[in-house]
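Here is model_11.txt, consisting of compact mmCIF, C-alpha atoms:
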# COMPACT_ATOMS: atom_id res chain seq x y z
CA GLN V 24 119.96 77.91 112.95
CA VAL V 25 116.64 76.54 111.76
CA MET V 26 116.26 74.63 108.50
CA LEU V 27 112.88 74.48 106.77
CA VAL V 28 111.91 72.10 104.00
CA GLU V 29 108.61 72.51 102.18
CA SER V 30 106.87 69.79 100.22
CA GLY V 31 103.53 69.02 98.65
CA GLY V 32 103.45 71.50 95.80
CA ASP V 33 101.85 70.22 92.63
CA VAL V 34 99.88 71.06 89.52
CA VAL V 35 96.19 70.87 90.42
CA GLN V 36 92.86 71.76 88.89
CA VAL V 37 90.53 74.57 89.92
CA GLY V 38 88.53 73.49 92.95
CA ASP V 39 90.99 70.82 94.07
CA SER V 40 92.49 70.47 97.52
CA LEU V 41 96.17 70.31 98.38
CA ARG V 42 98.20 70.02 101.56
CA LEU V 43 101.63 71.55 101.90
CA SER V 44 104.08 70.51 104.60
CA CYS V 45 106.95 72.38 106.18
CA ALA V 46 109.38 70.36 108.26
CA ALA V 47 111.67 72.25 110.63
CA SER V 48 114.99 70.96 111.93
CA GLY V 49 117.95 72.34 113.81
CA ASP V 50 117.29 74.71 116.73
CA THR V 51 113.53 74.14 116.68
CA ALA V 52 113.23 75.01 120.37
CA CYS V 53 113.75 78.68 119.48
CA ILE V 54 110.74 78.81 117.15
CA SER V 55 107.89 81.03 118.36
CA ALA V 56 105.76 80.99 115.24
CA MET V 57 105.68 79.61 111.73
CA GLY V 58 103.97 80.90 108.67
CA TRP V 59 103.21 80.27 105.05
CA TYR V 60 103.80 82.96 102.46
CA ARG V 61 103.36 82.91 98.73
CA GLN V 62 104.89 84.79 95.88
CA ALA V 63 103.62 84.84 92.32
CA PRO V 64 105.75 86.15 89.44
CA GLY V 65 105.79 89.94 89.46
CA SER V 66 103.98 90.11 92.80
CA GLU V 67 105.07 90.80 96.33
CA ARG V 68 105.37 88.05 98.88
CA GLU V 69 102.21 87.79 100.96
CA LEU V 70 101.30 85.99 104.15
CA VAL V 71 98.58 83.36 103.77
CA ALA V 72 98.63 81.73 107.21
CA SER V 73 100.55 81.66 110.46
CA ILE V 74 100.49 79.76 113.72
CA THR V 75 102.26 80.31 117.00
CA THR V 76 103.69 77.55 119.17
CA SER V 77 100.73 78.11 121.50
CA GLY V 78 98.35 77.44 118.63
CA ILE V 79 97.15 80.93 117.80
CA ARG V 80 96.30 81.04 114.11
CA TYR V 81 96.01 83.90 111.67
CA ILE V 82 94.40 83.56 108.24
CA PRO V 83 93.98 86.70 106.14
CA ASP V 84 90.57 87.44 104.71
CA PHE V 85 91.54 86.77 101.09
CA VAL V 86 92.05 83.02 101.80
CA LYS V 87 89.89 82.62 104.90
CA GLY V 88 87.46 79.76 104.49
CA ARG V 89 89.70 78.02 101.96
CA PHE V 90 93.10 77.75 103.70
CA THR V 91 93.82 76.38 107.15
CA ILE V 92 97.05 75.94 109.04
CA SER V 93 97.94 73.30 111.58
CA ARG V 94 101.02 71.97 113.29
CA ASP V 95 102.35 68.69 114.59
CA ALA V 96 104.69 69.68 117.40
CA ALA V 97 106.11 66.19 117.75
CA LYS V 98 107.21 66.25 114.11
CA ASN V 99 108.17 69.96 114.07
CA THR V 100 105.97 70.23 111.01
CA VAL V 101 103.42 72.81 109.93
CA TYR V 102 100.78 72.12 107.31
CA LEU V 103 98.86 74.36 104.97
CA GLN V 104 95.60 72.81 103.85
CA MET V 105 94.30 74.45 100.70
CA SER V 106 90.84 73.76 99.38
CA GLY V 107 88.78 75.15 96.54
CA VAL V 108 91.96 76.37 94.87
CA LYS V 109 91.76 79.11 92.25
CA PRO V 110 94.11 80.13 89.42
CA GLU V 111 95.20 83.12 91.52
CA ASP V 112 96.56 80.70 94.13
CA THR V 113 99.33 79.82 91.68
CA ALA V 114 102.60 80.80 93.33
CA VAL V 115 105.69 79.58 95.09
CA TYR V 116 104.69 78.84 98.68
CA LEU V 117 107.37 79.48 101.27
CA CYS V 118 107.54 78.50 104.89
CA ASN V 119 109.02 80.82 107.49
CA ALA V 120 109.89 80.49 111.15
CA ASP V 121 110.37 83.18 113.76
CA CYS V 122 113.12 82.33 116.20
CA ARG V 123 113.37 83.93 119.64
CA ARG V 124 117.16 84.06 119.39
CA THR V 125 117.51 85.75 116.01
CA PRO V 126 116.25 89.10 114.70
CA LEU V 127 115.29 87.75 111.29
CA PRO V 128 113.10 84.78 110.43
CA PHE V 129 114.30 81.66 108.67
CA TRP V 130 112.94 80.72 105.26
CA GLY V 131 112.59 77.54 103.29
CA GLN V 132 113.27 77.22 99.57
CA GLY V 133 109.62 77.07 98.61
CA THR V 134 107.32 74.68 96.79
CA GLN V 135 105.47 75.47 93.57
CA VAL V 136 101.70 75.32 93.41
CA THR V 137 100.15 75.68 90.00
CA VAL V 138 96.38 75.79 89.59
CA SER V 139 95.30 74.92 86.09
CA SER V 140 91.97 75.96 84.67
What is this file in structure tokens?
Amino acid sequence: QVMLVESGGDVVQVGDSLRLSCAASGDTACISAMGWYRQAPGSERELVASITTSGIRYIPDFVKGRFTISRDAAKNTVYLQMSGVKPEDTAVYLCNADCRRTPLPFWGQGTQVTVSS
């Protein structure tokens, strides 16, 4: 069992920067990768960044150049650095972890990011 707790969501202005954190606890040794997803009302959940335990990162084109992902292995924490935020970045941001011992990933509860124009 892996527990994930996100933090850092806020109401920000267009163009601002924001850093989200996702702290993992429990059976963290089973984690092979962690990712950040977002879901806006009426929209499907979409991946915005992921990182493996070996440090391989994936950033989709629609946020590339604005979002970066990093991890602090000692703290079992993954960060999503958002810069130059836009109104369309408004969503609930959820952290997820793939575990080698389970078929389905674990999810956090999410943190709300609202970009105000």
### Query
Could you state the separation of CA of Tyr81 in chain V and CA of Gln36 in chain V in Å, given to one decimal place?
26.0 Å
Give me the residues near Thr134 in chain V as a PDB file with C-alpha atoms, in the frame of the given file, where near means some atom within 12 Å (using all atoms listed in the file) and where sequence neighbours in that chain fewer than 5 positions away do not count.
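And here's selection-v3.pdb as it stands now:
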ATOM      1  CA  LEU V  27     112.880  74.480 106.770  1.00  0.00           C
ATOM      2  CA  VAL V  28     111.910  72.100 104.000  1.00  0.00           C
ATOM      3  CA  GLU V  29     108.610  72.510 102.180  1.00  0.00           C
ATOM      4  CA  SER V  30     106.870  69.790 100.220  1.00  0.00           C
ATOM      5  CA  GLY V  31     103.530  69.020  98.650  1.00  0.00           C
ATOM      6  CA  GLY V  32     103.450  71.500  95.800  1.00  0.00           C
ATOM      7  CA  ASP V  33     101.850  70.220  92.630  1.00  0.00           C
ATOM      8  CA  VAL V  34      99.880  71.060  89.520  1.00  0.00           C
ATOM      9  CA  ARG V  42      98.200  70.020 101.560  1.00  0.00           C
ATOM     10  CA  LEU V  43     101.630  71.550 101.900  1.00  0.00           C
ATOM     11  CA  SER V  44     104.080  70.510 104.600  1.00  0.00           C
ATOM     12  CA  CYS V  45     106.950  72.380 106.180  1.00  0.00           C
ATOM     13  CA  TRP V  59     103.210  80.270 105.050  1.00  0.00           C
ATOM     14  CA  TYR V  60     103.800  82.960 102.460  1.00  0.00           C
ATOM     15  CA  ARG V  61     103.360  82.910  98.730  1.00  0.00           C
ATOM     16  CA  GLN V  62     104.890  84.790  95.880  1.00  0.00           C
ATOM     17  CA  ALA V  63     103.620  84.840  92.320  1.00  0.00           C
ATOM     18  CA  LEU V 103      98.860  74.360 104.970  1.00  0.00           C
ATOM     19  CA  THR V 113      99.330  79.820  91.680  1.00  0.00           C
ATOM     20  CA  ALA V 114     102.600  80.800  93.330  1.00  0.00           C
ATOM     21  CA  VAL V 115     105.690  79.580  95.090  1.00  0.00           C
ATOM     22  CA  TYR V 116     104.690  78.840  98.680  1.00  0.00           C
ATOM     23  CA  LEU V 117     107.370  79.480 101.270  1.00  0.00           C
ATOM     24  CA  CYS V 118     107.540  78.500 104.890  1.00  0.00           C
TER      25      CYS V 118
END
### Query
Near Gln24 in chain V, counting all atoms listed in the file, which residues have an atom at most 10 Å away, once you skip same-chain residues fewer than 5 positions from it, shown as a PyMOL selection string?
chain V and resi 48-51+53+122+124-125+129
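Here CA of Met57 in chain V is placed at a distance of 25.1 Å from CA of Pro110 in chain V.
The spacing separating CA of Ala56 in chain V from CA of Thr137 in chain V amounts to 26.4 Å.
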### Task
Using all atoms listed in the file, find the one residue out of V:Leu127, V:Ala120, V:Leu41, V:Val136 that sits nearest to Gln104 in chain V.
V:Leu41
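Between Ser106 in chain V and the residues V:Ser93, V:Lys87, V:Ser140, V:Glu69, the shortest atom-to-atom distance, using all atoms listed in the file, involves V:Lys87.
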Let me have the centre and edge lengths of the axis-aligned box enclosing all listed atoms of range 102-112 of chain V with 4 Å padding on every side, in Å to one decimal, as lines of an AutoDock Vina configuration file.
center_x = 94.8
center_y = 77.6
center_z = 98.4
size_x = 20.0
size_y = 19.0
size_z = 25.9
